[in-house]
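K.L.:
What follows is my_file-v9.cif, mmCIF, C-alpha atoms.
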data_entry
loop_
_atom_site.label_atom_id
_atom_site.label_comp_id
_atom_site.auth_asym_id
_atom_site.auth_seq_id
_atom_site.Cartn_x
_atom_site.Cartn_y
_atom_site.Cartn_z
CA MET T 8 -37.88 199.99 69.65
CA LYS T 9 -35.91 197.75 67.32
CA LYS T 10 -32.82 199.27 65.82
CA VAL T 11 -31.88 199.70 62.18
CA SER T 12 -28.46 199.79 60.63
CA VAL T 13 -27.33 202.68 58.45
CA SER T 14 -23.95 203.05 56.74
CA PHE T 15 -22.53 206.28 55.39
CA THR T 16 -19.37 208.33 55.12
CA LEU T 17 -18.84 210.57 58.12
CA ASN T 18 -16.06 213.14 57.87
CA GLY T 19 -14.27 210.93 55.36
CA ASP T 20 -14.62 207.61 57.21
CA LEU T 21 -17.06 204.82 56.41
CA VAL T 22 -19.25 204.28 59.47
CA THR T 23 -22.26 202.21 60.48
CA ALA T 24 -24.77 203.20 63.14
CA GLU T 25 -27.33 200.99 64.87
CA VAL T 26 -30.13 203.33 65.96
CA PRO T 27 -33.93 203.40 66.18
CA PRO T 28 -35.56 204.34 62.84
CA ASN T 29 -37.17 207.46 64.30
CA TRP T 30 -33.82 209.08 65.11
CA THR T 31 -32.69 212.12 63.19
CA LEU T 32 -29.21 212.60 61.79
CA LEU T 33 -28.53 215.16 64.55
CA LYS T 34 -29.47 212.77 67.33
CA THR T 35 -27.31 210.07 65.75
CA LEU T 36 -24.33 212.41 65.42
CA ARG T 37 -24.59 213.63 69.01
CA GLU T 38 -25.70 210.50 70.87
CA TYR T 39 -24.31 207.61 68.80
CA PHE T 40 -21.09 209.10 67.45
CA GLU T 41 -20.69 211.62 70.32
CA LEU T 42 -19.94 214.40 67.85
CA THR T 43 -21.47 217.34 69.69
CA GLY T 44 -20.33 220.14 67.39
CA ALA T 45 -23.70 220.28 65.62
CA LYS T 46 -26.16 221.76 68.12
CA GLU T 47 -29.86 221.40 68.72
CA GLY T 48 -31.43 224.86 68.91
CA CYS T 49 -35.05 224.97 67.77
CA GLY T 50 -35.26 221.34 66.66
CA VAL T 51 -37.61 222.22 63.78
CA GLY T 52 -35.34 223.54 61.03
CA GLU T 53 -35.55 227.26 61.76
CA CYS T 54 -32.32 228.19 63.57
CA GLY T 55 -29.58 226.33 61.67
CA ALA T 56 -27.49 225.39 64.74
CA CYS T 57 -27.65 221.74 63.56
CA THR T 58 -26.40 222.48 60.02
CA VAL T 59 -24.17 219.82 58.46
CA ILE T 60 -23.20 219.15 54.85
CA ILE T 61 -24.59 216.14 52.97
CA ASP T 62 -23.05 215.48 49.54
CA GLY T 63 -22.02 219.14 49.27
CA ASP T 64 -25.29 220.71 50.42
CA ALA T 65 -26.02 222.35 53.78
CA ILE T 66 -29.02 220.78 55.51
CA ASN T 67 -30.72 220.91 58.91
CA SER T 68 -29.74 217.63 60.59
CA CYS T 69 -32.42 218.02 63.31
CA ILE T 70 -35.20 217.18 60.84
CA TYR T 71 -33.26 214.78 58.61
CA PRO T 72 -34.38 211.15 59.04
CA ILE T 73 -31.32 209.00 59.76
CA LEU T 74 -32.26 206.32 57.23
CA GLU T 75 -32.04 208.87 54.41
CA VAL T 76 -28.29 209.20 55.10
CA GLU T 77 -27.58 205.64 53.86
CA GLY T 78 -24.74 205.75 51.32
CA LYS T 79 -24.30 209.51 51.53
CA SER T 80 -21.34 211.61 52.65
CA VAL T 81 -21.83 213.73 55.78
CA THR T 82 -19.45 216.46 56.90
CA THR T 83 -19.78 218.01 60.35
CA ILE T 84 -17.77 220.78 62.00
CA GLU T 85 -15.50 218.05 63.39
CA GLY T 86 -14.47 217.19 59.83
CA VAL T 87 -13.73 220.71 58.62
CA ALA T 88 -10.13 221.01 59.89
CA SER T 89 -7.43 218.81 58.33
CA LYS T 90 -6.68 215.50 60.05
CA ASP T 91 -3.38 216.99 61.31
CA GLY T 92 -5.33 219.70 63.12
CA THR T 93 -4.70 222.55 60.68
CA LEU T 94 -7.75 224.78 60.80
CA HIS T 95 -9.81 225.52 57.70
CA PRO T 96 -9.59 229.16 56.52
CA LEU T 97 -13.18 229.67 57.71
CA GLN T 98 -12.25 228.54 61.21
CA LYS T 99 -9.16 230.80 61.24
CA ALA T 100 -11.16 233.73 59.91
CA PHE T 101 -13.94 233.32 62.50
CA LEU T 102 -11.31 233.26 65.29
CA GLU T 103 -9.35 236.25 63.97
CA ASN T 104 -12.34 238.46 63.12
CA ASN T 105 -14.53 237.97 66.19
CA GLY T 106 -16.95 235.79 64.25
CA VAL T 107 -17.60 233.88 67.48
CA GLN T 108 -19.35 235.23 70.55
CA CYS T 109 -21.14 232.59 72.64
CA GLY T 110 -20.34 230.01 69.97
CA PHE T 111 -23.66 228.16 69.85
CA CYS T 112 -24.43 229.12 66.24
CA THR T 113 -20.81 228.92 65.09
CA SER T 114 -20.61 225.35 63.83
CA GLY T 115 -23.79 225.86 61.82
CA MET T 116 -22.54 229.19 60.46
CA ILE T 117 -19.28 227.56 59.36
CA MET T 118 -21.05 224.62 57.72
CA SER T 119 -23.43 226.91 55.79
CA SER T 120 -20.60 229.17 54.68
CA LYS T 121 -18.40 226.19 53.79
CA ALA T 122 -21.16 224.86 51.51
CA LEU T 123 -21.33 228.33 49.95
CA LEU T 124 -17.55 228.72 49.40
CA ASP T 125 -17.22 225.16 48.08
CA HIS T 126 -19.73 226.04 45.32
CA ASN T 127 -18.92 229.71 44.91
CA PRO T 128 -15.41 230.75 45.99
CA ASP T 129 -15.99 234.45 45.29
CA PRO T 130 -19.41 235.33 46.75
CA THR T 131 -20.87 238.82 47.03
CA GLU T 132 -21.94 240.11 50.43
CA ASP T 133 -25.57 239.49 49.42
CA GLU T 134 -24.78 235.89 48.53
CA ILE T 135 -23.03 235.43 51.87
CA ARG T 136 -26.03 236.86 53.73
CA ALA T 137 -28.45 234.66 51.76
CA SER T 138 -26.36 231.57 52.52
CA ILE T 139 -26.60 232.15 56.29
CA ALA T 140 -30.21 233.40 56.34
CA GLY T 141 -31.12 230.09 57.95
CA ASN T 142 -28.54 230.43 60.74
CA LEU T 143 -29.64 232.52 63.70
CA CYS T 144 -27.07 234.20 65.96
CA ARG T 145 -28.79 235.29 69.18
CA CYS T 146 -25.69 237.31 70.15
CA THR T 147 -26.54 239.17 66.89
CA GLY T 148 -22.91 239.22 65.78
CA TYR T 149 -23.84 239.05 62.11
CA VAL T 150 -21.56 241.81 60.85
CA GLN T 151 -18.45 240.05 62.20
CA ILE T 152 -19.71 236.72 60.87
CA VAL T 153 -20.15 238.13 57.36
CA GLU T 154 -16.71 239.77 57.57
CA SER T 155 -15.20 236.46 58.70
CA ILE T 156 -16.66 234.68 55.69
CA GLU T 157 -15.36 237.42 53.36
CA LYS T 158 -11.88 237.10 54.90
CA ALA T 159 -12.00 233.31 54.59
CA ALA T 160 -12.85 233.61 50.89
CA GLU T 161 -9.79 235.88 50.46
CA MET T 162 -7.57 233.45 52.37
CA ILE T 163 -8.73 230.54 50.20
CA LYS T 164 -8.00 232.54 47.05
CA GLN T 165 -4.49 233.40 48.26
CA GLU T 166 -3.76 229.76 49.09
CA LYS T 167 -4.42 228.79 45.49
CA MET D 21 -40.85 211.79 68.33
CA ASN D 22 -43.24 208.84 68.41
CA ASP D 23 -41.93 205.45 67.31
CA PHE D 24 -42.28 204.79 63.63
CA GLU D 25 -40.91 202.50 61.00
CA TYR D 26 -39.26 204.18 58.05
CA LEU D 27 -39.90 202.50 54.70
CA MET D 28 -38.06 203.29 51.49
CA PRO D 29 -39.87 201.85 48.45
CA THR D 30 -38.24 202.29 45.04
CA THR D 31 -41.36 202.13 42.84
CA THR D 32 -44.70 203.92 43.00
CA ASN D 33 -46.52 200.56 43.02
CA GLU D 34 -44.56 199.46 46.05
CA ALA D 35 -45.19 202.79 47.81
CA ILE D 36 -48.93 202.66 47.11
CA SER D 37 -49.28 199.04 48.28
CA LEU D 38 -47.37 199.83 51.49
CA HIS D 39 -49.73 202.76 52.05
CA GLU D 40 -52.74 200.53 51.43
CA SER D 41 -51.56 197.80 53.79
CA TYR D 42 -50.85 200.21 56.67
CA GLY D 43 -53.86 202.46 56.06
CA GLU D 44 -54.37 205.25 58.57
CA GLY D 45 -51.07 204.55 60.31
CA ALA D 46 -49.09 205.36 57.15
CA LYS D 47 -47.88 208.71 55.92
CA TYR D 48 -45.85 209.60 52.86
CA ILE D 49 -42.74 211.69 53.43
CA ALA D 50 -40.67 213.50 50.80
CA GLY D 51 -38.08 216.03 52.04
CA GLY D 52 -39.62 215.82 55.47
CA THR D 53 -39.24 219.48 56.40
CA ASP D 54 -42.97 219.63 57.20
CA VAL D 55 -43.71 216.01 58.13
CA ILE D 56 -40.86 215.62 60.64
CA VAL D 57 -41.70 218.98 62.23
CA LYS D 58 -45.36 217.96 62.59
CA ILE D 59 -44.30 214.68 64.22
CA LYS D 60 -41.92 216.50 66.57
CA GLU D 61 -44.68 218.91 67.54
CA GLY D 62 -47.06 216.00 68.18
CA LYS D 63 -49.55 217.13 65.53
CA ILE D 64 -49.38 213.79 63.75
CA SER D 65 -48.11 210.42 64.94
CA PRO D 66 -47.81 208.00 62.02
CA GLN D 67 -46.59 204.47 62.70
CA TYR D 68 -45.15 204.08 59.21
CA LEU D 69 -43.39 206.77 57.21
CA ILE D 70 -43.18 205.88 53.53
CA SER D 71 -40.31 207.79 51.95
CA LEU D 72 -40.82 208.97 48.37
CA ARG D 73 -37.18 209.93 47.91
CA HIS D 74 -36.14 206.66 46.35
CA LEU D 75 -38.75 206.54 43.60
CA HIS D 76 -36.86 206.88 40.34
CA GLY D 77 -37.54 209.52 37.75
CA PHE D 78 -39.44 212.25 39.61
CA ASP D 79 -36.66 214.79 40.07
CA HIS D 80 -36.64 216.15 36.54
CA ILE D 81 -36.95 219.67 35.14
CA ILE D 82 -37.72 219.27 31.44
CA TYR D 83 -38.40 222.15 29.06
CA GLU D 84 -39.59 220.92 25.66
CA ASN D 85 -41.56 222.67 22.92
CA GLY D 86 -42.40 225.46 25.34
CA GLU D 87 -43.87 223.08 27.91
CA LEU D 88 -42.30 222.64 31.32
CA ARG D 89 -42.44 219.48 33.41
CA ILE D 90 -41.27 219.49 37.00
CA GLY D 91 -40.97 216.25 38.96
CA ALA D 92 -42.66 216.31 42.34
CA MET D 93 -39.38 215.36 44.05
CA VAL D 94 -37.54 218.40 42.67
CA THR D 95 -36.24 220.47 45.57
CA HIS D 96 -36.80 224.19 45.87
CA ARG D 97 -33.04 224.65 45.53
CA MET D 98 -33.01 222.80 42.18
CA LEU D 99 -35.75 225.14 40.93
CA GLU D 100 -33.97 228.20 42.31
CA LEU D 101 -30.70 227.33 40.58
CA SER D 102 -32.23 226.11 37.29
CA PRO D 103 -31.07 228.43 34.47
CA ILE D 104 -33.99 227.41 32.24
CA ILE D 105 -36.54 228.30 34.89
CA ARG D 106 -34.84 231.62 35.64
CA LYS D 107 -34.93 232.43 31.92
CA GLU D 108 -38.31 231.06 30.81
CA PHE D 109 -40.37 230.99 34.03
CA PRO D 110 -38.81 233.61 36.34
CA ILE D 111 -42.09 233.75 38.30
CA LEU D 112 -41.09 230.38 39.78
CA THR D 113 -37.66 231.68 40.72
CA ASP D 114 -39.38 234.66 42.40
CA ALA D 115 -41.29 232.22 44.58
CA VAL D 116 -38.78 229.52 45.45
CA GLU D 117 -35.75 231.67 46.20
CA ASN D 118 -37.63 233.15 49.15
CA ILE D 119 -38.87 229.93 50.69
CA GLY D 120 -37.17 229.02 53.99
CA SER D 121 -33.38 228.88 54.14
CA VAL D 122 -30.78 227.28 51.88
CA GLN D 123 -30.83 224.29 54.26
CA ILE D 124 -34.60 223.91 53.85
CA ARG D 125 -34.56 224.53 50.09
CA ASN D 126 -31.89 221.85 49.65
CA VAL D 127 -34.29 219.26 51.05
CA ALA D 128 -37.90 220.45 50.74
CA THR D 129 -39.64 219.36 47.54
CA ILE D 130 -42.13 221.20 45.36
CA GLY D 131 -44.44 218.16 45.57
CA GLY D 132 -44.36 218.33 49.35
CA ASN D 133 -45.03 222.05 49.34
CA ILE D 134 -48.17 221.49 47.25
CA ALA D 135 -49.35 218.29 48.98
CA ASN D 136 -49.16 219.94 52.42
CA ALA D 137 -51.51 222.64 51.13
CA VAL D 138 -50.85 225.23 53.80
CA PRO D 139 -52.48 228.52 52.80
CA SER D 140 -49.04 230.15 52.84
CA ALA D 141 -47.52 227.71 50.33
CA ASP D 142 -45.48 229.95 48.05
CA GLY D 143 -45.08 227.31 45.38
CA ALA D 144 -48.78 227.03 44.63
CA ILE D 145 -49.63 230.58 43.63
CA PRO D 146 -47.25 230.92 40.66
CA LEU D 147 -48.02 227.39 39.46
CA ILE D 148 -51.77 228.11 39.46
CA THR D 149 -51.10 231.35 37.63
CA LEU D 150 -49.14 229.40 35.02
CA SER D 151 -52.19 227.06 34.57
CA ALA D 152 -50.21 224.10 35.92
CA GLU D 153 -51.69 220.64 36.15
CA VAL D 154 -50.48 217.92 38.45
CA ARG D 155 -50.16 214.25 37.55
CA VAL D 156 -50.88 211.90 40.45
CA ILE D 157 -50.90 208.15 40.88
CA GLY D 158 -52.84 206.12 43.41
CA PRO D 159 -54.42 202.73 44.08
CA LYS D 160 -56.85 203.35 41.20
CA GLY D 161 -54.27 204.50 38.68
CA GLU D 162 -53.18 207.85 37.32
CA ARG D 163 -55.08 211.09 36.87
CA ILE D 164 -54.29 214.67 35.96
CA ILE D 165 -55.77 217.52 38.00
CA ALA D 166 -55.71 221.27 37.33
CA LEU D 167 -53.76 222.68 40.26
CA GLU D 168 -56.42 225.34 40.64
CA ASP D 169 -58.89 222.59 41.65
CA PHE D 170 -56.40 220.76 43.85
CA PHE D 171 -56.87 222.68 47.10
CA ILE D 172 -60.14 222.43 49.00
CA GLY D 173 -59.23 224.01 52.34
CA PRO D 174 -56.34 224.74 54.69
CA GLU D 175 -54.14 221.62 54.57
CA LYS D 176 -56.86 219.86 52.56
CA THR D 177 -56.54 218.67 48.97
CA ILE D 178 -58.56 216.49 46.65
CA LEU D 179 -55.89 213.78 46.88
CA LYS D 180 -57.42 210.46 47.84
CA SER D 181 -55.86 208.10 50.36
CA GLY D 182 -52.66 206.61 48.98
CA GLU D 183 -52.25 209.03 46.07
CA ILE D 184 -48.80 210.42 45.27
CA LEU D 185 -47.88 213.54 43.30
CA LEU D 186 -45.68 212.65 40.33
CA GLU D 187 -45.10 215.81 38.33
CA PHE D 188 -46.33 219.27 37.44
CA LEU D 189 -47.20 220.06 33.84
CA ILE D 190 -46.97 223.68 32.78
CA PRO D 191 -48.39 224.45 29.33
CA LYS D 192 -46.63 226.52 26.71
CA LEU D 193 -47.11 230.25 27.29
CA PRO D 194 -48.66 232.40 24.57
CA PRO D 195 -46.26 234.80 22.80
CA HIS D 196 -45.39 238.07 24.60
CA THR D 197 -46.24 236.63 28.01
CA GLY D 198 -44.64 237.61 31.29
CA ALA D 199 -45.36 236.67 34.87
CA ALA D 200 -44.13 237.71 38.31
CA TYR D 201 -44.70 236.76 41.95
CA TRP D 202 -44.42 238.87 45.08
CA LYS D 203 -44.16 237.32 48.51
CA HIS D 204 -45.05 240.06 50.97
CA THR D 205 -43.21 239.67 54.26
CA ARG D 206 -41.98 241.77 57.15
CA ARG D 207 -38.37 240.66 56.87
CA ALA D 208 -36.26 239.56 53.95
CA ALA D 209 -35.84 235.87 54.79
CA MET D 210 -37.12 232.97 56.88
CA GLU D 211 -40.70 234.22 56.79
CA LEU D 212 -44.13 233.00 55.87
CA PRO D 213 -45.91 235.45 53.61
CA ILE D 214 -48.46 238.01 54.83
CA LEU D 215 -49.80 237.50 51.35
CA GLY D 216 -48.61 236.37 47.94
CA VAL D 217 -49.53 237.91 44.58
CA ALA D 218 -48.81 236.41 41.15
CA VAL D 219 -49.72 238.10 37.87
CA LEU D 220 -49.39 236.69 34.35
CA ILE D 221 -50.08 238.91 31.37
CA SER D 222 -50.03 238.11 27.66
CA LEU D 223 -49.78 241.07 25.30
CA ASP D 224 -50.92 241.56 21.72
CA ASP D 225 -48.39 242.40 19.00
CA ASP D 226 -48.83 246.08 19.91
CA MET D 227 -47.21 245.20 23.27
CA GLN D 228 -49.87 247.18 25.10
CA THR D 229 -53.16 245.32 24.79
CA CYS D 230 -53.69 242.48 27.24
CA THR D 231 -54.92 239.32 25.50
CA GLN D 232 -54.91 237.17 28.61
CA ALA D 233 -54.39 237.77 32.33
CA ARG D 234 -54.19 235.36 35.22
CA ILE D 235 -53.90 236.58 38.78
CA GLY D 236 -53.18 234.25 41.69
CA LEU D 237 -53.50 235.28 45.33
CA GLY D 238 -52.20 233.49 48.39
CA VAL D 239 -53.05 233.70 52.10
CA VAL D 240 -56.10 235.89 51.41
CA ALA D 241 -58.55 232.97 51.25
CA PRO D 242 -58.69 229.44 52.74
CA THR D 243 -57.01 228.17 49.57
CA PRO D 244 -54.91 229.78 46.84
CA MET D 245 -57.36 231.70 44.65
CA ARG D 246 -57.61 233.44 41.30
CA ALA D 247 -58.81 237.02 41.08
CA LYS D 248 -61.07 236.47 38.10
CA ASN D 249 -62.84 239.83 38.24
CA ALA D 250 -59.49 241.59 38.08
CA GLU D 251 -58.40 239.33 35.22
CA ALA D 252 -61.54 240.24 33.26
CA ILE D 253 -60.83 243.95 33.70
CA LEU D 254 -57.37 243.58 32.14
CA LYS D 255 -58.32 241.27 29.27
CA GLY D 256 -58.84 243.04 25.96
CA ASN D 257 -57.74 246.41 27.27
CA LYS D 258 -54.69 248.58 26.84
CA VAL D 259 -52.84 248.21 30.11
CA ASP D 260 -52.24 251.66 31.59
CA GLY D 261 -52.17 253.08 35.09
CA GLU D 262 -55.90 253.61 35.20
CA ILE D 263 -56.84 250.07 34.19
CA LEU D 264 -54.25 248.61 36.57
CA GLU D 265 -55.74 250.58 39.44
CA LYS D 266 -59.19 249.21 38.57
CA ALA D 267 -57.83 245.66 38.46
CA GLY D 268 -56.03 246.12 41.78
CA LYS D 269 -59.21 247.36 43.44
CA ALA D 270 -61.24 244.47 41.97
CA ALA D 271 -58.72 241.91 43.27
CA ALA D 272 -58.78 243.51 46.72
CA GLN D 273 -62.58 243.28 46.69
CA GLU D 274 -62.86 239.67 45.58
CA CYS D 275 -60.21 238.29 47.95
CA LYS D 276 -61.41 236.88 51.26
CA ALA D 277 -58.68 238.30 53.49
CA ARG D 278 -59.01 237.73 57.23
CA ASP D 279 -57.27 239.02 60.32
CA SER D 280 -54.46 236.77 61.48
CA ILE D 281 -51.31 236.97 63.53
CA ARG D 282 -49.32 238.03 60.46
CA GLY D 283 -51.64 240.74 59.19
CA LYS D 284 -55.02 242.42 59.40
CA ALA D 285 -57.66 241.93 56.70
CA TRP D 286 -57.74 245.64 55.73
CA TYR D 287 -53.96 245.68 55.33
CA ARG D 288 -54.00 242.54 53.23
CA ARG D 289 -56.67 244.00 50.94
CA ASP D 290 -54.67 247.22 50.56
CA MET D 291 -51.56 245.23 49.71
CA VAL D 292 -53.44 243.04 47.21
CA GLU D 293 -54.55 246.24 45.47
CA LEU D 294 -50.98 247.55 45.38
CA PHE D 295 -49.09 244.40 44.44
CA VAL D 296 -51.49 243.30 41.71
CA GLN D 297 -50.53 246.57 40.01
CA ARG D 298 -46.81 246.26 40.70
CA MET D 299 -46.59 242.63 39.62
CA ALA D 300 -48.57 243.43 36.46
CA ILE D 301 -45.91 246.02 35.62
CA VAL D 302 -43.10 243.51 36.20
CA ALA D 303 -45.01 240.88 34.18
CA MET D 304 -45.35 243.31 31.26
CA GLU D 305 -41.65 244.17 31.41
CA ARG D 306 -40.88 240.47 31.22
CA ALA D 307 -43.39 240.00 28.38
CA ARG D 308 -41.56 242.56 26.27
#
Represent the supplied structure as structure tokens.

P.N.:
Amino acid sequence: MKKVSVSFTLNGDLVTAEVPPNWTLLKTLREYFELTGAKEGCGVGECGACTVIIDGDAINSCIYPILEVEGKSVTTIEGVASKDGTLHPLQKAFLENNGVQCGFCTSGMIMSSKALLDHNPDPTEDEIRASIAGNLCRCTGYVQIVESIEKAAEMIKQEK
Amino acid sequence: MNDFEYLMPTTTNEAISLHESYGEGAKYIAGGTDVIVKIKEGKISPQYLISLRHLHGFDHIIYENGELRIGAMVTHRMLELSPIIRKEFPILTDAVENIGSVQIRNVATIGGNIANAVPSADGAIPLITLSAEVRVIGPKGERIIALEDFFIGPEKTILKSGEILLEFLIPKLPPHTGAAYWKHTRRAAMELPILGVAVLISLDDDMQTCTQARIGLGVVAPTPMRAKNAEAILKGNKVDGEILEKAGKAAAQECKARDSIRGKAWYRRDMVELFVQRMAIVAMERAR
């Protein structure tokens, strides 16, 4: 199949991909850019393992047509820490509060909660739970995940 | 996924002429949360996807002189977060805040939800209850259709080949009107409804007599339906527990609930009876 060219901002850098037009954003991230942090779980927008942020909003990259990314800004788990390697408060909080078990859902959980905290720095527990309703954790470690997000919100507040 | 070309027209004319030139091989795509999934599952295999995301001017929410206009490309998230909808049409907030996940709501459009016409479409029931019309454009020009007449079967609508949804038109509500929607599910999120019940009630100046009622039911018939017998029972009467019970029973009787994987027919009828009453109470609270 002939390839198409699509240019967008990926974790702060302008990039161009040459991929077939029927590729999704997830496939492009994993197979063209070799960024394998976003995972393919269900592949149909139910499990949230593929969650990335486009222009501030969390989306399922496994059902997002690559051509719709043209000109947009995409953030993946690989772009959450600072360029010098300093972890984002969410990443620290997940590590310190057992927010990670097998780790498969973790990048999606962090992207969904980052989109939440970027819009709403002081969420209630209900708002946190609603924000990750589309992220399934088959280890069922939800309590620790919610606590990690609460701790991250506190850390962000203290930094300011 | 099968091979396809992905086209991104910027005007409705361009989109329609692309659809006409590719005929059966073409499919419109908006947010894509249904279309891409259907392609992945092999249920459809279009050769040309025609994206509607780059058409200008169909992502508006305009509230003017009591009338509401919602562009077909408005996402569920935009509706959920709209202060004017939460204030003036909370029945729509009831529906959209429980559709899918944040990730889905950020992308999925109200036009797509309606055009796909699955019996479980949560967007349709409140819009029908609000007497919404939909403006569409196609190869033969524009037309306006009452949303109630839009659905003709599961995943079937009266849209003709090449037609595109442009916007939903919701007329001004009478004074002292309230409306509410209940999506009945087993769990709190990421669910398709076992059934959906929407009730709109307008009250007289005495705040007790019902001057108009509209009741929309979802998943209990091949298409979204109105419970007109139940509406007739409420209209002109003082709304009390007794009359609500009668209306609930009438709605349960006139729905065409069937057994399915998500619920048995008898259970659905029982829940229609119950939630018509409960949503009527919420609607009246909102009317006052």

K.L.:
Select, as a PyMOL selection string, those residues of chain T with any atom no more than 10 Å from chain D (distances computed using all atoms listed in the file).

P.N.:
chain T and resi 8-11+27-31+50-55+58-61+64-75+119+122-123+136-142

K.L.:
Restricting the calculation to all atoms listed in the file: of T:Asp133, T:Thr113, T:Pro128, T:Cys146, which residue gets closest to Lys167 of chain T?

P.N.:
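Smallest distance to Lys167 of chain T is found for T:Pro128.
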
K.L.:
Could you spell out the hits of the PyMOL selection byres ((chain T and resi 85-90) around 12) on the shown file, as an MDAnalysis selection string?

P.N.:
chainID T and resid 16:20 36:37 40:45 59:60 80:84 91:99 114:115 117:122 125

K.L.:
Could you give me, as a list in words, the residues within 9 Å of Met93 of chain D, counting only C-alpha atoms and dropping anything in the same chain fewer than 3 positions from it?

P.N.:
Ala50, Gly51, Leu72, Arg73, Leu75, Gly77, Phe78, Asp79, His80, Ile90, Ala128, Thr129, Ile130, Gly131, Gly132, Leu185, Leu186 and Glu187 of chain D

K.L.:
Please report the interatomic distance between atom CA of Ala272 of chain D and atom CA of Val292 of chain D in Å with one decimal.

P.N.:
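Interatomic distance, atom CA of Ala272 of chain D to atom CA of Val292 of chain D: 5.4 Å.
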
K.L.:
Residues at most 9 Å from Gly158 of chain D, counting all atoms listed in the file, excluding those fewer than 2 positions away in the same chain, as JSON, numbers by chain?

P.N.:
{"D": [32, 33, 36, 156, 160, 161, 162, 163, 179, 180, 181, 182, 183, 184, 185]}

K.L.:
Could you list, as a PyMOL selection string, every residue within 6 Å of Gly106 of chain T, counting all atoms listed in the file and ignoring same-chain residues fewer than 5 positions away?

P.N.:
chain T and resi 101+151-152+155

K.L.:
So how many Å separate atom CA of Ala160 of chain T and atom CA of Glu132 of chain T, to one decimal?

P.N.:
11.2 Å

K.L.:
Just give me the gap between atom CA of Asn104 of chain T and atom CA of Leu124 of chain T in Å, one decimal is fine.

P.N.:
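Calculated distance between atom CA of Asn104 of chain T and atom CA of Leu124 of chain T is 17.6 Å.
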
K.L.:
I'd like the contact shell of Asp169 of chain D - 10 Å cut-off, all atoms listed in the file, skipping same-chain residues fewer than 6 positions apart - returned as a ChimeraX atom specification.

P.N.:
/D:148,153,177-178,243-245

K.L.:
Hey, what's within 8 Å of Pro66 of chain D if we count only C-alpha atoms and toss same-chain stuff fewer than 5 positions away? As a list in words, please?

P.N.:
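Surrounding residues, per the criterion: Asn22, Phe24, Glu44, Gly45, Ala46, Lys47 and Ile59 of chain D.
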
K.L.:
Around all the atoms of segment 54-63 of chain T listed in the file, draw an axis-aligned box and extend it by 5 Å on each of the six sides; I want its centre and edge lengths in Å to one decimal, as JSON.

P.N.:
{"center_x": -27.2, "center_y": 221.8, "center_z": 57.0, "size_x": 20.3, "size_y": 22.7, "size_z": 25.5}

K.L.:
Could you tell me which residues the PyMOL selection byres ((chain D and resi 283) around 12) returns for this structure, as a list in words?

P.N.:
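For this structure, the PyMOL selection byres ((chain D and resi 283) around 12) resolves to His204, Thr205, Arg206, Leu212, Pro213, Ile214, Leu215, Val239, Val240, Ala277, Arg278, Asp279, Ser280, Ile281, Arg282, Lys284, Ala285, Trp286, Tyr287, Arg288, Arg289, Asp290 and Met291 of chain D.
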
K.L.:
Convert the output of the PyMOL selection byres ((chain D and resi 226) around 12) on the shown file into explicit residues, formatted as a list in words.

P.N.:
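After applying the PyMOL selection byres ((chain D and resi 226) around 12), what remains is Pro195, His196, Ser222, Leu223, Asp224, Asp225, Met227, Gln228, Thr229, Cys230, Thr231, Asn257, Lys258, Val259, Ala307 and Arg308 of chain D.
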
K.L.:
Generate a file for segment 141-163 of chain T, containing C-alpha atoms, as a compact mmCIF listing (two decimals), in the first residue's frame.

P.N.:
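Final output, saved to result02.txt:
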# COMPACT_ATOMS: atom_id res chain seq x y z
CA GLY T 141 -11.58 3.95 30.64
CA ASN T 142 -8.34 2.40 31.91
CA LEU T 143 -8.58 -1.23 32.96
CA CYS T 144 -6.09 -2.70 35.44
CA ARG T 145 -6.33 -6.50 35.31
CA CYS T 146 -4.17 -6.75 38.45
CA THR T 147 -7.10 -4.78 39.98
CA GLY T 148 -4.77 -2.42 41.83
CA TYR T 149 -7.20 0.48 41.56
CA VAL T 150 -7.03 1.64 45.17
CA GLN T 151 -3.26 2.18 44.97
CA ILE T 152 -3.64 3.84 41.58
CA VAL T 153 -6.20 6.32 42.91
CA GLU T 154 -3.99 6.98 45.95
CA SER T 155 -1.00 7.55 43.66
CA ILE T 156 -2.92 10.14 41.67
CA GLU T 157 -4.04 11.88 44.89
CA LYS T 158 -0.42 11.96 46.12
CA ALA T 159 0.77 13.31 42.77
CA ALA T 160 -1.79 16.13 42.96
CA GLU T 161 -0.42 17.02 46.42
CA MET T 162 3.17 16.92 45.17
CA ILE T 163 2.31 19.23 42.27
